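Enquirer: I am attaching a structure below and will ask some questions about it afterwards.
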Amino acid sequence: MNARLPEHAADWAARAGAIDWAATTEGLNAEGAAILPALLSPDECQALAGLYPDTAHFRSRVVMARHGFGQGEYQYFSYPLPPLVAGLRAALYPHLRTLANHWNRVMCVDVQYPTAHADFIARCHAAGQLRPTPLLLRYQAGDYNCLHQDLYGEHVFPLQVAILLSEPGRDFTGGEFVLTEQRPRMQSRAEVVPLRQGDAVVFAVHHRPVNGTRGPYRVNMRYGVSRLRSGVRHTAGIIFHDAT
């Protein structure tokens with residue numbers, strides 16, 4: 001599949017720049033997640049999902065049931081990343097970095113993120129986090145993903161992006177993206193994020209700040225995917241830190 005993909009970093013930067021980042025930031029601050037509508041076209045979704053059978057693009061394959069992660073499987077891309085994945089990773093990061101730095105200041109986390117994604121990756125690599133983390137996931141009927149966090153090492157960027165590459169109702173049923181939030185001394189709150197093909201969700205990887213009566217405090221975030229009822233569901237994950 002030869003979809004018409006942006007060829008240069010400037011093309012990806014322009015696409016990222018067209019996103020309503022004020023609304024995205026508002027959603028992330030309020031709920032810990034925000035939708036980026038139609039981030040990829042249907043052709044781009046099909047081209048990216050079509051990479052899954054070609055093991056040359058990947059460094060490893062994980063069958064979730066073998067590790068108690070759920071059911072289904074995913075593959076981590078190898079370097080060099082496909083241009084679409086590399087372009088999105090580099091172009092989205094600068095817009096998310098501002099909020100990431102703000103969240104860390106509010107939560108008294110003594111870490112700030114550099115302007116360019118390449119500089120942050122250099123920081124990861126210097127600490128031994130050398131393995132790329134962007135991935136493709138494939139679910140079939142009966143598959144699901146347990147609630148989890150994608151941490152991978154000492155250096156963690158606090159936001160990540162998941163892109164739905166399949167169309168609900170046509171390609172699959174079930175398989176909703178689910179977030180949970182655990183606040184101190186409270187039971188967990190679940191949120192289902194409605195996505196269409198090409199939509200992305202930006203969400204908190206681990207902690208996020210929430211304003212309380214005595215000032216800001218941390219809440220713990222996890223995410224997963226509910227059980228697929230039928231069909232096949234592909235998702236791309238854009239994680240901004242690399243793994244040990």
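The way I read the labels, and the way they are meant: chains A, B, ... in the order of the structure tokens, residue 1 as the first residue of every chain, and ligand 1 as the first ligand shown, with later ones counted on from there.
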Go through region 145-181 of chain A residue by residue and, counting only C-alpha atoms, keep those with an atom at most 8 Å from region 118-140 of chain A; for each kept residue give the shortest atom pair and its distance in Å to one decimal, ordered by chain and increasing number, as JSON lines.
Expert:
```
{"residue": "A:Gly153", "atom": "CA", "partner": "A:Gln129", "partner_atom": "CA", "distance": 6.7}
{"residue": "A:Glu154", "atom": "CA", "partner": "A:Ala127", "partner_atom": "CA", "distance": 7.9}
{"residue": "A:His155", "atom": "CA", "partner": "A:Cys124", "partner_atom": "CA", "distance": 6.1}
```
Enquirer: Residues as selected, N, CA, C and O atoms, written as a compact mmCIF listing (two decimals), in the first residue's frame, can you do that?
Expert:
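The resulting file, part.txt, is reproduced below:
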```txt
# COMPACT_ATOMS: atom_id res chain seq x y z
N GLY A 153 11.67 2.72 31.82
CA GLY A 153 13.00 3.10 32.29
C GLY A 153 12.95 4.35 33.15
O GLY A 153 11.87 4.87 33.49
N GLU A 154 14.12 4.87 33.50
CA GLU A 154 14.21 6.04 34.37
C GLU A 154 13.60 7.28 33.73
O GLU A 154 12.93 8.08 34.38
N HIS A 155 13.86 7.47 32.44
CA HIS A 155 13.40 8.67 31.75
C HIS A 155 12.06 8.37 31.07
O HIS A 155 11.98 7.53 30.16
```
Enquirer: Give me every strand (DSSP E) residue in region 108-188 of chain A, going by DSSP on the backbone, as a PyMOL selection string.
Expert: chain A and resi 135-140+144-148+159-164+172-174+177-182
Enquirer: What does the distance between CA of Pro168 (chain A) and CA of Phe203 (chain A) come to in Å, to one decimal place?
Expert: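 The value is 20.3 Å.
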Enquirer: Using only C-alpha atoms, which of the listed residues (A:Gly231, A:Pro53, A:Pro42, A:Pro184) sits closest to Val210 (chain A)?
Expert: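 Ranking A:Gly231, A:Pro53, A:Pro42, A:Pro184 by distance to Val210 (chain A), first place goes to A:Pro184.
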Enquirer: Go through A:Ala16, A:Leu81, A:Leu88, A:Cys45 one by one, measure the shortest atom-to-atom distance of each to Phe58 (chain A) using only C-alpha atoms, and give the residue with the smallest value.
Expert: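 The closest residue to Phe58 (chain A) is A:Leu81.
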Enquirer: With only C-alpha atoms as the counted atoms, please give the residues lying no more than 6 Å from Ser166 (chain A), apart from itself and same-chain residues fewer than 2 positions off, as a CSV table (one decimal) with all heavy atoms, in the first residue's frame.
Expert:
```
chain,number,residue,atom,x,y,z
A,164,LEU,N,-6.1,5.1,16.4
A,164,LEU,CA,-6.9,4.0,16.0
A,164,LEU,C,-6.8,3.9,14.4
A,164,LEU,O,-7.2,4.8,13.7
A,164,LEU,CB,-8.4,4.2,16.4
A,164,LEU,CG,-9.3,3.0,16.1
A,164,LEU,CD1,-8.9,1.7,16.7
A,164,LEU,CD2,-10.7,3.4,16.5
A,197,GLN,N,-11.7,5.8,13.1
A,197,GLN,CA,-10.5,5.5,12.3
A,197,GLN,C,-9.7,6.9,12.1
A,197,GLN,O,-10.3,7.8,11.6
A,197,GLN,CB,-10.8,4.9,11.0
A,197,GLN,CG,-9.5,4.5,10.2
A,197,GLN,CD,-9.9,3.9,8.9
A,197,GLN,OE1,-10.7,4.4,8.1
A,197,GLN,NE2,-9.2,2.8,8.5
A,233,ARG,N,-8.8,-5.2,15.1
A,233,ARG,CA,-8.5,-3.8,15.4
A,233,ARG,C,-7.0,-3.6,15.4
A,233,ARG,O,-6.3,-4.3,16.1
A,233,ARG,CB,-9.1,-3.6,16.8
A,233,ARG,CG,-8.9,-2.2,17.4
A,233,ARG,CD,-9.4,-2.1,18.8
A,233,ARG,NE,-9.5,-0.8,19.4
A,233,ARG,CZ,-8.5,-0.2,20.0
A,233,ARG,NH1,-7.3,-0.8,20.1
A,233,ARG,NH2,-8.7,1.0,20.6
A,234,HIS,N,-6.5,-2.6,14.7
A,234,HIS,CA,-5.1,-2.2,14.7
A,234,HIS,C,-5.0,-0.8,15.3
A,234,HIS,O,-5.8,0.1,15.1
A,234,HIS,CB,-4.5,-2.2,13.3
A,234,HIS,CG,-4.2,-3.5,12.7
A,234,HIS,ND1,-5.1,-4.2,11.9
A,234,HIS,CD2,-3.1,-4.3,12.8
A,234,HIS,CE1,-4.6,-5.3,11.5
A,234,HIS,NE2,-3.4,-5.4,12.1
```
Enquirer: Between CA of Ser230 (chain A) and CA of Ala141 (chain A), what distance in Å does the model show, to one decimal?
Expert: 4.5 Å
Enquirer: Give the helix (DSSP H, G or I) residues of region 16-116 of chain A, as DSSP finds them on the backbone, and put them as an mmCIF file with N, CA, C and O atoms, in the first residue's frame.
Expert:
```cif
data_model
loop_
_atom_site.group_PDB
_atom_site.id
_atom_site.type_symbol
_atom_site.label_atom_id
_atom_site.label_comp_id
_atom_site.auth_asym_id
_atom_site.auth_seq_id
_atom_site.Cartn_x
_atom_site.Cartn_y
_atom_site.Cartn_z
ATOM 1 N N ALA A 16 0.972 18.969 12.661
ATOM 2 C CA ALA A 16 0.884 19.098 14.118
ATOM 3 C C ALA A 16 0.493 20.515 14.520
ATOM 4 O O ALA A 16 -0.272 20.708 15.466
ATOM 5 N N GLY A 17 0.998 21.501 13.793
ATOM 6 C CA GLY A 17 0.678 22.887 14.119
ATOM 7 C C GLY A 17 -0.780 23.242 13.901
ATOM 8 O O GLY A 17 -1.286 24.211 14.483
ATOM 9 N N TRP A 21 -4.332 23.066 19.938
ATOM 10 C CA TRP A 21 -3.594 22.679 21.130
ATOM 11 C C TRP A 21 -4.173 23.289 22.409
ATOM 12 O O TRP A 21 -4.005 22.735 23.494
ATOM 13 N N ALA A 22 -4.857 24.425 22.275
ATOM 14 C CA ALA A 22 -5.494 24.996 23.464
ATOM 15 C C ALA A 22 -6.584 24.068 23.973
ATOM 16 O O ALA A 22 -6.679 23.791 25.181
ATOM 17 N N ALA A 23 -7.409 23.542 23.066
ATOM 18 C CA ALA A 23 -8.457 22.604 23.470
ATOM 19 C C ALA A 23 -7.854 21.296 23.959
ATOM 20 O O ALA A 23 -8.355 20.682 24.914
ATOM 21 N N THR A 24 -6.773 20.854 23.314
ATOM 22 C CA THR A 24 -6.107 19.621 23.727
ATOM 23 C C THR A 24 -5.561 19.754 25.143
ATOM 24 O O THR A 24 -5.731 18.864 25.986
ATOM 25 N N THR A 25 -4.912 20.875 25.420
ATOM 26 C CA THR A 25 -4.365 21.114 26.757
ATOM 27 C C THR A 25 -5.473 21.188 27.799
ATOM 28 O O THR A 25 -5.347 20.636 28.907
ATOM 29 N N GLU A 26 -6.577 21.824 27.431
ATOM 30 C CA GLU A 26 -7.716 21.908 28.359
ATOM 31 C C GLU A 26 -8.242 20.514 28.698
ATOM 32 O O GLU A 26 -8.513 20.201 29.864
ATOM 33 N N GLY A 27 -8.358 19.655 27.678
ATOM 34 C CA GLY A 27 -8.828 18.297 27.922
ATOM 35 C C GLY A 27 -7.874 17.490 28.775
ATOM 36 O O GLY A 27 -8.295 16.740 29.668
ATOM 37 N N LEU A 28 -6.585 17.635 28.508
ATOM 38 C CA LEU A 28 -5.591 16.902 29.281
ATOM 39 C C LEU A 28 -5.583 17.353 30.742
ATOM 40 O O LEU A 28 -5.462 16.533 31.660
ATOM 41 N N ASN A 29 -5.710 18.649 30.963
ATOM 42 C CA ASN A 29 -5.740 19.145 32.338
ATOM 43 C C ASN A 29 -7.002 18.709 33.065
ATOM 44 O O ASN A 29 -6.967 18.415 34.262
ATOM 45 N N ALA A 30 -8.117 18.640 32.347
ATOM 46 C CA ALA A 30 -9.384 18.316 32.994
ATOM 47 C C ALA A 30 -9.578 16.820 33.191
ATOM 48 O O ALA A 30 -10.088 16.383 34.233
ATOM 49 N N GLU A 31 -9.181 16.015 32.185
ATOM 50 C CA GLU A 31 -9.513 14.589 32.199
ATOM 51 C C GLU A 31 -8.300 13.663 32.088
ATOM 52 O O GLU A 31 -8.432 12.450 32.217
ATOM 53 N N PRO A 42 -7.639 7.829 6.137
ATOM 54 C CA PRO A 42 -7.867 6.381 5.986
ATOM 55 C C PRO A 42 -6.739 5.683 5.227
ATOM 56 O O PRO A 42 -6.354 4.560 5.587
ATOM 57 N N ASP A 43 -6.198 6.306 4.176
ATOM 58 C CA ASP A 43 -5.089 5.695 3.443
ATOM 59 C C ASP A 43 -3.852 5.550 4.324
ATOM 60 O O ASP A 43 -3.153 4.531 4.269
ATOM 61 N N GLU A 44 -3.579 6.555 5.141
ATOM 62 C CA GLU A 44 -2.433 6.474 6.045
ATOM 63 C C GLU A 44 -2.641 5.397 7.095
ATOM 64 O O GLU A 44 -1.702 4.659 7.432
ATOM 65 N N CYS A 45 -3.858 5.291 7.603
ATOM 66 C CA CYS A 45 -4.164 4.226 8.564
ATOM 67 C C CYS A 45 -3.938 2.857 7.939
ATOM 68 O O CYS A 45 -3.326 1.960 8.553
ATOM 69 N N GLN A 46 -4.414 2.674 6.724
ATOM 70 C CA GLN A 46 -4.276 1.384 6.056
ATOM 71 C C GLN A 46 -2.810 1.077 5.775
ATOM 72 O O GLN A 46 -2.359 -0.070 5.921
ATOM 73 N N ALA A 47 -2.050 2.097 5.365
ATOM 74 C CA ALA A 47 -0.633 1.886 5.080
ATOM 75 C C ALA A 47 0.125 1.480 6.343
ATOM 76 O O ALA A 47 0.975 0.584 6.313
ATOM 77 N N LEU A 48 -0.183 2.127 7.464
ATOM 78 C CA LEU A 48 0.522 1.827 8.708
ATOM 79 C C LEU A 48 0.134 0.449 9.228
ATOM 80 O O LEU A 48 1.005 -0.358 9.599
ATOM 81 N N ALA A 49 -1.161 0.143 9.249
ATOM 82 C CA ALA A 49 -1.593 -1.186 9.693
ATOM 83 C C ALA A 49 -1.037 -2.274 8.787
ATOM 84 O O ALA A 49 -0.746 -3.394 9.248
ATOM 85 N N THR A 55 7.931 -8.454 9.325
ATOM 86 C CA THR A 55 8.764 -8.418 10.537
ATOM 87 C C THR A 55 10.024 -7.573 10.375
ATOM 88 O O THR A 55 10.662 -7.229 11.375
ATOM 89 N N ALA A 56 10.377 -7.204 9.150
ATOM 90 C CA ALA A 56 11.570 -6.386 8.939
ATOM 91 C C ALA A 56 11.448 -5.017 9.600
ATOM 92 O O ALA A 56 12.466 -4.362 9.864
ATOM 93 N N HIS A 57 10.218 -4.572 9.873
ATOM 94 C CA HIS A 57 10.013 -3.247 10.467
ATOM 95 C C HIS A 57 10.133 -3.262 11.989
ATOM 96 O O HIS A 57 10.125 -2.191 12.599
ATOM 97 N N MET A 64 0.483 -11.098 24.283
ATOM 98 C CA MET A 64 0.096 -10.606 25.607
ATOM 99 C C MET A 64 -0.234 -11.708 26.599
ATOM 100 O O MET A 64 0.096 -11.611 27.794
ATOM 101 N N ALA A 65 -0.886 -12.777 26.136
ATOM 102 C CA ALA A 65 -1.310 -13.838 27.060
ATOM 103 C C ALA A 65 -0.126 -14.503 27.750
ATOM 104 O O ALA A 65 -0.255 -15.007 28.871
ATOM 105 N N ARG A 66 1.041 -14.521 27.104
ATOM 106 C CA ARG A 66 2.223 -15.153 27.703
ATOM 107 C C ARG A 66 2.736 -14.392 28.916
ATOM 108 O O ARG A 66 3.476 -14.945 29.738
ATOM 109 N N HIS A 67 2.389 -13.116 29.033
ATOM 110 C CA HIS A 67 2.917 -12.272 30.109
ATOM 111 C C HIS A 67 1.818 -11.783 31.051
ATOM 112 O O HIS A 67 2.104 -10.993 31.955
ATOM 113 N N PRO A 83 8.883 6.423 8.247
ATOM 114 C CA PRO A 83 8.786 7.887 8.193
ATOM 115 C C PRO A 83 7.526 8.444 8.846
ATOM 116 O O PRO A 83 7.582 9.491 9.503
ATOM 117 N N LEU A 84 6.387 7.770 8.677
ATOM 118 C CA LEU A 84 5.157 8.264 9.276
ATOM 119 C C LEU A 84 5.266 8.293 10.798
ATOM 120 O O LEU A 84 4.907 9.276 11.442
ATOM 121 N N VAL A 85 5.805 7.231 11.370
ATOM 122 C CA VAL A 85 5.931 7.139 12.828
ATOM 123 C C VAL A 85 6.972 8.128 13.339
ATOM 124 O O VAL A 85 6.731 8.861 14.314
ATOM 125 N N ALA A 86 8.122 8.184 12.681
ATOM 126 C CA ALA A 86 9.169 9.119 13.096
ATOM 127 C C ALA A 86 8.696 10.561 12.962
ATOM 128 O O ALA A 86 8.969 11.407 13.830
ATOM 129 N N GLY A 87 7.971 10.850 11.875
ATOM 130 C CA GLY A 87 7.490 12.210 11.658
ATOM 131 C C GLY A 87 6.507 12.645 12.719
ATOM 132 O O GLY A 87 6.595 13.761 13.246
ATOM 133 N N LEU A 88 5.560 11.773 13.054
ATOM 134 C CA LEU A 88 4.594 12.106 14.101
ATOM 135 C C LEU A 88 5.280 12.278 15.452
ATOM 136 O O LEU A 88 4.969 13.205 16.208
ATOM 137 N N ARG A 89 6.185 11.396 15.764
ATOM 138 C CA ARG A 89 6.855 11.439 17.065
ATOM 139 C C ARG A 89 7.582 12.768 17.250
ATOM 140 O O ARG A 89 7.461 13.423 18.293
ATOM 141 N N ALA A 90 8.321 13.173 16.228
ATOM 142 C CA ALA A 90 9.096 14.420 16.322
ATOM 143 C C ALA A 90 8.206 15.651 16.283
ATOM 144 O O ALA A 90 8.506 16.666 16.933
ATOM 145 N N ALA A 91 7.105 15.599 15.524
ATOM 146 C CA ALA A 91 6.269 16.786 15.342
ATOM 147 C C ALA A 91 5.321 17.032 16.513
ATOM 148 O O ALA A 91 5.036 18.196 16.853
ATOM 149 N N LEU A 92 4.818 15.975 17.146
ATOM 150 C CA LEU A 92 3.892 16.148 18.258
ATOM 151 C C LEU A 92 4.606 16.529 19.553
ATOM 152 O O LEU A 92 4.063 17.275 20.376
ATOM 153 N N TYR A 93 5.808 16.015 19.730
ATOM 154 C CA TYR A 93 6.536 16.212 20.988
ATOM 155 C C TYR A 93 6.657 17.683 21.406
ATOM 156 O O TYR A 93 6.368 18.004 22.582
ATOM 157 N N PRO A 94 7.086 18.621 20.514
ATOM 158 C CA PRO A 94 7.265 20.001 20.989
ATOM 159 C C PRO A 94 5.989 20.625 21.533
ATOM 160 O O PRO A 94 6.040 21.457 22.452
ATOM 161 N N HIS A 95 4.839 20.257 20.990
ATOM 162 C CA HIS A 95 3.578 20.811 21.470
ATOM 163 C C HIS A 95 3.190 20.221 22.819
ATOM 164 O O HIS A 95 2.570 20.912 23.641
ATOM 165 N N LEU A 96 3.538 18.970 23.063
ATOM 166 C CA LEU A 96 3.213 18.326 24.333
ATOM 167 C C LEU A 96 4.227 18.663 25.421
ATOM 168 O O LEU A 96 3.912 18.582 26.623
ATOM 169 N N ARG A 97 5.424 19.026 25.021
ATOM 170 C CA ARG A 97 6.508 19.307 25.964
ATOM 171 C C ARG A 97 6.138 20.426 26.936
ATOM 172 O O ARG A 97 6.453 20.351 28.135
ATOM 173 N N THR A 98 5.463 21.472 26.450
ATOM 174 C CA THR A 98 5.114 22.609 27.311
ATOM 175 C C THR A 98 4.237 22.144 28.473
ATOM 176 O O THR A 98 4.482 22.495 29.627
ATOM 177 N N LEU A 99 3.222 21.349 28.158
ATOM 178 C CA LEU A 99 2.354 20.843 29.222
ATOM 179 C C LEU A 99 3.098 19.868 30.116
ATOM 180 O O LEU A 99 2.914 19.879 31.343
ATOM 181 N N ALA A 100 3.946 19.024 29.543
ATOM 182 C CA ALA A 100 4.715 18.067 30.341
ATOM 183 C C ALA A 100 5.589 18.795 31.364
ATOM 184 O O ALA A 100 5.667 18.399 32.535
ATOM 185 N N ASN A 101 6.241 19.854 30.921
ATOM 186 C CA ASN A 101 7.074 20.624 31.848
ATOM 187 C C ASN A 101 6.229 21.288 32.930
ATOM 188 O O ASN A 101 6.625 21.333 34.106
ATOM 189 N N HIS A 102 5.069 21.804 32.537
ATOM 190 C CA HIS A 102 4.178 22.436 33.527
ATOM 191 C C HIS A 102 3.710 21.416 34.556
ATOM 192 O O HIS A 102 3.733 21.686 35.767
ATOM 193 N N TRP A 103 3.278 20.249 34.089
ATOM 194 C CA TRP A 103 2.832 19.215 35.026
ATOM 195 C C TRP A 103 3.932 18.858 36.021
ATOM 196 O O TRP A 103 3.673 18.702 37.215
ATOM 197 N N ASN A 104 5.158 18.701 35.542
ATOM 198 C CA ASN A 104 6.248 18.344 36.457
ATOM 199 C C ASN A 104 6.494 19.431 37.490
ATOM 200 O O ASN A 104 6.743 19.132 38.671
ATOM 201 N N ARG A 105 6.427 20.682 37.067
ATOM 202 C CA ARG A 105 6.612 21.771 38.039
ATOM 203 C C ARG A 105 5.517 21.731 39.094
ATOM 204 O O ARG A 105 5.795 21.870 40.299
ATOM 205 N N VAL A 106 4.283 21.540 38.671
ATOM 206 C CA VAL A 106 3.157 21.510 39.611
ATOM 207 C C VAL A 106 3.289 20.332 40.584
ATOM 208 O O VAL A 106 2.971 20.462 41.778
#
```
